[in-house]
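Novice: My questions will all concern the structure given below.
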Amino acid sequence: MSPPFSLGQMMSQPLLICDLLEYAAQHHEHGGIISKRLEGDIHHYSYKEALKRSKQLANALTQLGAKQGDRIGTLAWNGYRHFECYYGISGMGAICHTINPRLFSEQIEYIIQHAQDNILLVDACFIHLIEPIIEKLPSVKGIVVMIDEDHMPKTSLDNMYNYEALIAQQSTEFTWPRLDPQSAACLCYTSGTTGNPKGVLYSHESTVLHAFASRNPDALNISSDSVVMPVVPMYHVCAWGMPYIAPMAGATLVLPGSGMGGEDLYTLIDHANVDLMLGVPTVWLGLLEYLNKQNLKIPSVKTVGVGGAASPRALVEALDKQHNIYLLPIWGMTETSPLATLGAKHKAMDNMTDNERYKIQTSAGKPMFGIEMEIFDEQTNAPLPHDGISRGLLRVRGPWVIKQYYKSDNNDCLVKDSLGQDWFDTGDIATLDSHSYLRIVDRAKDVVKSGGEWISSIDLENAALGCDGVNEACVIGVKHEKWDERPLLFIVKNEKPLAKETVYQFLNEKVAKWWLPDDIIFVKELPHTATGKLQKRTLRDEYWEYLIK
Ligand code: AMP
C-alpha cells in the first residue's frame with residue numbers, strides 16, 4: 001500500500017549525539033581536541049581517538065551496570081575526559097548529568113539524590129565535594145576518578161575506580177544503540193529563585209538541532225577551520241553546546257581545564273591559535289587585565305561570544321579598540337539549551353559609527369531560526385510593540401526550549417498567550433526593537449547573577465531573617481565591575497542592637513561564602529507594593545551603582 005499522499009517520502013534518520021563524533025572522526029582528521037589537563041600539561045588528540053575512548057567508556061559503564069535511561073553524573077572541568085563522558089554516556093543511551101561544583105554541599109547532595117545518579121565521574125580535584133555526603137547518596141554505586149593512575153588522590157571513598165585503568169581494559173568497539181531521537185541525553189540543573197534547583201532534560205534531537213542552528217554564519221559562524229574555546233564550563237549548560245557544535249563542524253575544540261584566569265587563558269590561546277572564545281563577561285575582564293599588564297596581544301582571536309549577562313559597553317570597546325576583536329553578544333538560558341539570540345557581525349556594520357555598532361553589541365542580539373520570542377505586558381498578557389522602548393515579560397518557544405522540568409508533574413513553566421499558544425516564561429524583562437534586537441532590562445525572577453552563577457535573593461533573605469534582631473530583609477543585585485552583579489542586603493532592625501559584623505557572622509554559617517552580600521544597609525523601612533510585596537525595582541533603581549567607585 002502506498003503511503004498517504006500528504007506525507008513526504010524522505011528517510012527519517014534519528015538525530016543522535018553519537019553521530020556528531022562519528023562524523024568528525026570519519027571526515028575531519030585535522031580537527032580534534034586540545035586540553036589543559038589537571039595533571040599540568042597540554043593534551044592533544046584527534047576526534048578519531050576521542051571516539052575510540054568514548055566507546056571504551058561506554059563499554060566500561062556497561063560493565064559497571066549502567067543501562068539506557070540511567071543518570072550518570074559528572075563533576076568536572078572542561079577537559080577531554082569530560083568530553084568523552086558527553087559521548088560515552090549519551091551515546092550508550094544513558095543520561096549525562098553535569099553537576100555544578102560551585103553549588104554548595106546541600107544542593108549537590110539534593111540534585112544527585114533527585115536525579116538518582118548511579119555512577120559519578122569526578123575530576124580528582126572535586127573528590128572532596130563527594131566525601132562528606134556519600135553516606136546520603138544511596139543511589140551512587142561507583143565513583144570514577146578522572147585523572148592519570150599515578151595522580152589518584154587518597155580518599156576514604158569505597159567503590160572508586162581510576163578512569164584510565166577502567167577504560168584501558170575495554171574494547172574500542174561499541175555499537176551505539178539507534179535510540180528514539182526524543183530520548184533524554186543530558187541533564188543540567190539550574191538554581192531557581194527559591195527552593196531546590198530544577199533539572200532541564202535535553203534530548204538527542206534538541207541537542208543536535210541546537211548545534212545545527214548555533215554553528216551558522218549568523219550565529220557562532222563555526223567551520224572546520226575554526227579553533228573554538230568554551231571558557232564557559234561544561235557543567236553549565238553543556239558549555240553552551242560547544243562540545244557538540246565543534247565535532248559537527250570538524251572544528252578544533254580547546255578545553256581550558258580549571259584555568260579560567262588571565263595567564264592560563266593567554267597561554268592556551270597562544271598555544272592553540274584560538275579564534276573564537278565563549279564565556280561570561282567576568283572572564284574577559286580578567287583576561288584583558290592580564291593582557292594589559294603584560295602588554296600582550298592575542299592576534300588569532302577574532303570573536304569573543306559573551307552571554308550569561310549583558311555585554312558591558314566598556315568590554316565591547318576594549319576588545320574592539322585594543323585587540324580588534326568582535327564581541328558577539330548572546331542571550332540564552334539553561335532552559336533554552338542555551339543559545340537563542342546572537343548579535344552577529346554583518347556587512348552594514350562597516351558603515352556604522354562606533355556608537356551605532358556598540359549599540360548592537362551591547363544588546364542581546366536577535367533570534368536564530370527555530371526560536372520564536374515575544375514580549376508581553378505584565379498586566380494584560382498582550383504582546384507589546386517592538387519599538388525598543390516597551391518593556392515586557394520575555395517568552396520564548398522552539399525545539400530546544402524546555403516544556404517541563406525534570407520529574408515535575410506539570411508544565412507550569414509554560415504560559416498561554418491569548419491565542420492559547422504555549423510559551424516558556426523566561427523571568428527576564430526585555431525590549432525588542434524594530435530590527436528584532438533584544439535587550440534584557442530587568443528580571444522578574446528574584447535572583448542575583450554573580451560571575452555567571454545564581455544567588456537566590458529569597459534564600460539569602462530567609463537566611464538573614466533567622467538572625468536575632470532582624471525584622472525584615474531584602475536582597476537586590478547591584479552592578480559590580482568584575483562580577484557583573486553582587487548582592488546587597490537591606491535590613492529593618494527591631495529594637496535590639498545589631499551590628500553588621502553580627503549579621504555577617506550569622507550568614508557565614510548559613511550560606512556559601514560567595515553568596516555573602518557585598519554590603520549590608522540598615523534602613524528604617526523598605527518600599528512595598530499595594531499587595532505588601534517588596535518593591536525591589538525602586539531599590540534597584542536607587543542603588544544600582546552603589547558598589548561602583
Ligand atoms: P542560566 O540559565 O544560568 O544560563 O542563566 C540565564 C539568565 O542569564 C537569563 O535568564 C538572563 O537573566 C541572564 N542572561 C543571559 N544572557 C544575558 C544577556 N545577554 N543579557 C542580560 N542577561 C542575560
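Identifiers in the C-alpha cells: chain A, B, ... in order shown; residue index from 1 per chain; ligand index from 1 in order shown.
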Please identify every residue of segment 179-240 of chain A that has at least one atom no farther than 12 Å from an atom of segment 68-92 of chain A, counting only C-alpha atoms, and for each give the shortest atom pair and the distance in Å to one decimal, arranged by chain then increasing number, as JSON lines.
Specialist:
```
{"residue": "A:Leu179", "atom": "CA", "partner": "A:Gly91", "partner_atom": "CA", "distance": 9.0}
{"residue": "A:Asp180", "atom": "CA", "partner": "A:Gln68", "partner_atom": "CA", "distance": 11.7}
{"residue": "A:Pro181", "atom": "CA", "partner": "A:Ser90", "partner_atom": "CA", "distance": 11.4}
{"residue": "A:Ser183", "atom": "CA", "partner": "A:Gly69", "partner_atom": "CA", "distance": 8.3}
{"residue": "A:Ala184", "atom": "CA", "partner": "A:Gly69", "partner_atom": "CA", "distance": 7.4}
{"residue": "A:Ala185", "atom": "CA", "partner": "A:Ser90", "partner_atom": "CA", "distance": 5.0}
{"residue": "A:Cys186", "atom": "CA", "partner": "A:Ser90", "partner_atom": "CA", "distance": 6.9}
{"residue": "A:Leu187", "atom": "CA", "partner": "A:Arg71", "partner_atom": "CA", "distance": 8.3}
{"residue": "A:Cys188", "atom": "CA", "partner": "A:Gly73", "partner_atom": "CA", "distance": 9.9}
{"residue": "A:Tyr189", "atom": "CA", "partner": "A:Gly73", "partner_atom": "CA", "distance": 11.5}
{"residue": "A:Gly199", "atom": "CA", "partner": "A:Arg71", "partner_atom": "CA", "distance": 12.0}
{"residue": "A:Leu201", "atom": "CA", "partner": "A:Arg71", "partner_atom": "CA", "distance": 10.9}
{"residue": "A:Tyr202", "atom": "CA", "partner": "A:Ser90", "partner_atom": "CA", "distance": 10.6}
{"residue": "A:Ser203", "atom": "CA", "partner": "A:Ser90", "partner_atom": "CA", "distance": 9.5}
{"residue": "A:His204", "atom": "CA", "partner": "A:Ser90", "partner_atom": "CA", "distance": 8.1}
{"residue": "A:Glu205", "atom": "CA", "partner": "A:Ser90", "partner_atom": "CA", "distance": 11.9}
{"residue": "A:Thr207", "atom": "CA", "partner": "A:Ser90", "partner_atom": "CA", "distance": 11.0}
{"residue": "A:Met229", "atom": "CA", "partner": "A:Asn78", "partner_atom": "CA", "distance": 9.8}
{"residue": "A:Pro230", "atom": "CA", "partner": "A:Asn78", "partner_atom": "CA", "distance": 8.2}
{"residue": "A:Val231", "atom": "CA", "partner": "A:Asn78", "partner_atom": "CA", "distance": 8.0}
{"residue": "A:Val232", "atom": "CA", "partner": "A:Asn78", "partner_atom": "CA", "distance": 8.5}
{"residue": "A:Pro233", "atom": "CA", "partner": "A:Asn78", "partner_atom": "CA", "distance": 6.0}
{"residue": "A:Met234", "atom": "CA", "partner": "A:Asn78", "partner_atom": "CA", "distance": 5.5}
{"residue": "A:Tyr235", "atom": "CA", "partner": "A:Ala76", "partner_atom": "CA", "distance": 7.1}
{"residue": "A:His236", "atom": "CA", "partner": "A:Trp77", "partner_atom": "CA", "distance": 10.1}
{"residue": "A:Cys238", "atom": "CA", "partner": "A:Tyr86", "partner_atom": "CA", "distance": 8.8}
{"residue": "A:Ala239", "atom": "CA", "partner": "A:Asn78", "partner_atom": "CA", "distance": 8.2}
{"residue": "A:Trp240", "atom": "CA", "partner": "A:Asn78", "partner_atom": "CA", "distance": 12.0}
```
Novice: Go through segment 234-377 of chain A and collect every residue that DSSP, computed from the backbone, puts in alpha helix (DSSP H); the answer should be as a VMD selection string.
Specialist: chain A and resid 237 to 240 242 to 249 262 to 272 281 to 294 313 to 323 354 to 361
Novice: If we count only C-alpha atoms, what is near Leu209 of chain A at a cut-off of 9 Å, once residues fewer than 4 positions away on the same chain are taken out, given as an MDAnalysis selection string?
Specialist: chainID A and resid 15 204:205 213:214 370 399:400
Novice: One decimal, in Å: what's the spacing between atom CA of Ile440 of chain A and atom CA of Gly307 of chain A?
Specialist: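 Pair atom CA of Ile440 of chain A / atom CA of Gly307 of chain A returns 11.4 Å.
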Novice: Check which residues fall inside 8 Å of ligand 1 when counting only C-alpha atoms and all ligand atoms, and print them as a compact mmCIF listing (two decimals) with C-alpha atoms, in the first residue's frame.
Specialist:
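The result, written out as out-v4.txt:
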```txt
# COMPACT_ATOMS: atom_id res chain seq x y z
CA THR A 190 19.54 25.37 37.28
CA SER A 191 19.16 27.18 40.61
CA HIS A 236 26.95 24.96 32.87
CA VAL A 237 24.51 24.18 30.03
CA VAL A 306 29.56 36.92 25.59
CA GLY A 307 26.42 35.70 27.32
CA GLY A 308 25.03 34.82 30.71
CA ALA A 309 24.89 38.56 31.45
CA ALA A 310 24.65 41.78 29.47
CA SER A 311 27.72 42.79 27.47
CA PRO A 329 26.51 39.31 22.25
CA ILE A 330 24.42 36.25 23.19
CA TRP A 331 21.31 35.64 25.24
CA GLY A 332 20.17 32.26 26.45
CA MET A 333 19.28 30.18 29.47
CA THR A 334 19.76 26.66 30.76
CA GLU A 335 16.12 26.18 29.71
CA PRO A 338 21.14 27.72 25.89
CA SER A 363 22.09 44.34 23.01
CA ALA A 364 21.44 40.60 23.42
CA GLY A 365 21.24 40.01 19.64
CA THR A 426 11.98 33.31 30.94
CA GLY A 427 11.63 35.55 34.01
CA ASP A 428 13.53 38.25 32.12
CA ARG A 439 17.70 43.94 25.26
CA ILE A 440 17.32 42.50 28.77
CA VAL A 441 16.40 45.41 31.02
CA ASP A 442 15.40 43.74 34.29
CA ARG A 443 14.41 40.43 35.85
CA LYS A 449 23.75 36.65 38.88
CA GLY A 452 27.65 33.71 35.71
CA GLU A 453 26.29 31.83 38.73
CA TRP A 454 22.99 32.29 40.54
```
Novice: Near Leu539 of chain A, within 12 Å and counting only C-alpha atoms, which residues show up once chain neighbours fewer than 3 positions away are dropped, as an MDAnalysis selection string?
Specialist: chainID A and resid 474:478 488:490 521 523 525:528 534:536 542:546
Novice: For the selection just defined, write its residues with C-alpha atoms to a file, as a tab-separated table (two decimals), in the first residue's frame.
Specialist:
```tsv
chain	number	residue	atom	x	y	z
A	474	CYS	CA	15.58	42.42	51.32
A	475	VAL	CA	18.28	41.43	48.83
A	476	ILE	CA	18.85	43.04	45.45
A	477	GLY	CA	21.53	42.59	42.82
A	478	VAL	CA	23.60	45.69	42.09
A	488	LEU	CA	23.26	43.98	48.64
A	489	LEU	CA	21.28	43.25	51.81
A	490	PHE	CA	18.84	45.74	53.35
A	521	ILE	CA	22.45	48.60	54.74
A	523	VAL	CA	17.06	51.15	56.81
A	525	GLU	CA	11.61	50.82	56.27
A	526	LEU	CA	11.51	49.09	52.89
A	527	PRO	CA	9.32	50.02	49.88
A	528	HIS	CA	6.29	47.74	49.35
A	534	LEU	CA	8.83	44.14	48.46
A	535	GLN	CA	9.19	46.69	45.67
A	536	LYS	CA	12.67	45.76	44.60
A	542	GLU	CA	18.33	53.85	43.52
A	543	TYR	CA	21.24	51.56	44.43
A	544	TRP	CA	22.27	50.09	41.03
A	545	GLU	CA	25.65	51.88	41.06
A	546	TYR	CA	26.20	51.58	44.83
```
Novice: Any idea what's packed within 8 Å of segment 289-294 of chain A, counting only C-alpha atoms, ignoring anything in its chain fewer than 2 positions away? Could you give it as a list in words?
Specialist: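 In the requested form, the answer reads Gly262, Glu263, Tyr266, Leu285, Gly286, Leu287, Leu296 and Lys297 of chain A.
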Novice: Please dump the current selection as a CSV table (one decimal), in the first residue's frame; keep N, CA and C atoms.
Specialist:
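This went into again-v6.csv:
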```
chain,number,residue,atom,x,y,z
A,262,GLY,N,43.6,34.9,33.7
A,262,GLY,CA,44.2,35.6,32.5
A,262,GLY,C,45.4,34.9,32.0
A,263,GLU,N,46.3,34.5,32.8
A,263,GLU,CA,47.6,33.9,32.4
A,263,GLU,C,47.4,32.6,31.7
A,266,TYR,N,45.6,33.0,28.4
A,266,TYR,CA,46.6,33.6,27.3
A,266,TYR,C,47.5,32.4,26.8
A,285,LEU,N,37.1,40.2,31.5
A,285,LEU,CA,37.7,41.3,32.2
A,285,LEU,C,39.0,40.9,32.8
A,286,GLY,N,39.1,39.6,33.3
A,286,GLY,CA,40.3,39.1,33.9
A,286,GLY,C,41.4,38.9,32.8
A,287,LEU,N,41.0,38.4,31.7
A,287,LEU,CA,41.9,38.2,30.6
A,287,LEU,C,42.5,39.6,30.1
A,296,LEU,N,50.5,42.3,26.2
A,296,LEU,CA,50.4,41.2,25.3
A,296,LEU,C,49.2,41.4,24.4
A,297,LYS,N,49.3,40.7,23.2
A,297,LYS,CA,48.2,40.7,22.2
A,297,LYS,C,47.8,39.3,22.0
```
Novice: Within 6 Å of His386 of chain A, counting only C-alpha atoms, which residues show up once you throw out same-chain ones fewer than 3 positions away? Write them as a compact mmCIF listing (two decimals) with N, CA and C atoms, in the first residue's frame, please.
Specialist:
```
# COMPACT_ATOMS: atom_id res chain seq x y z
N LEU A 432 12.24 44.67 22.65
CA LEU A 432 12.64 44.22 21.30
C LEU A 432 12.52 45.45 20.40
N ASP A 433 13.49 45.66 19.51
CA ASP A 433 13.35 46.83 18.64
C ASP A 433 12.85 46.42 17.26
N SER A 434 12.71 47.40 16.36
CA SER A 434 12.08 47.10 15.07
C SER A 434 12.96 46.18 14.22
```
Novice: Nearest to His43 of chain A among A:Lys198, A:Arg102, A:His271, A:Lys513, with distances taken over only C-alpha atoms: which residue is it?
Specialist: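 Distance minimum relative to His43 of chain A lands on A:His271.
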Novice: Find the residues around Cys125 of chain A up to 12 Å (only C-alpha atoms counted), leave out those fewer than 5 positions away in its own chain, and share them as a count of residues only.
Specialist: 19
Novice: Could you tell me how far atom CA of Leu328 of chain A sits from atom CA of Arg391 of chain A, in Å to one decimal place?
Specialist: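 A separation of 23.2 Å between them.
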Novice: What is the atom CA of Glu149 of chain A to atom CA of Tyr163 of chain A distance in Å?
Specialist: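 Separating atom CA of Glu149 of chain A from atom CA of Tyr163 of chain A is a distance of 7.9 Å.
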Novice: Go through A:Asn118, A:Asn100, A:Gln404, A:Gln182 one by one, measure the shortest atom-to-atom distance of each to Asn159 of chain A using only C-alpha atoms, and give the residue with the smallest value.
Specialist: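 Among the listed residues, A:Asn118 lies closest to Asn159 of chain A.
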Novice: If you run DSSP on the backbone here, which positions in segment 54-245 of chain A get strand (DSSP E or B)? Please write them as an MDAnalysis selection string.
Specialist: chainID A and resid 71:75 78 95:98 119:123 142:146 160:162 184:190 198:203 227:230
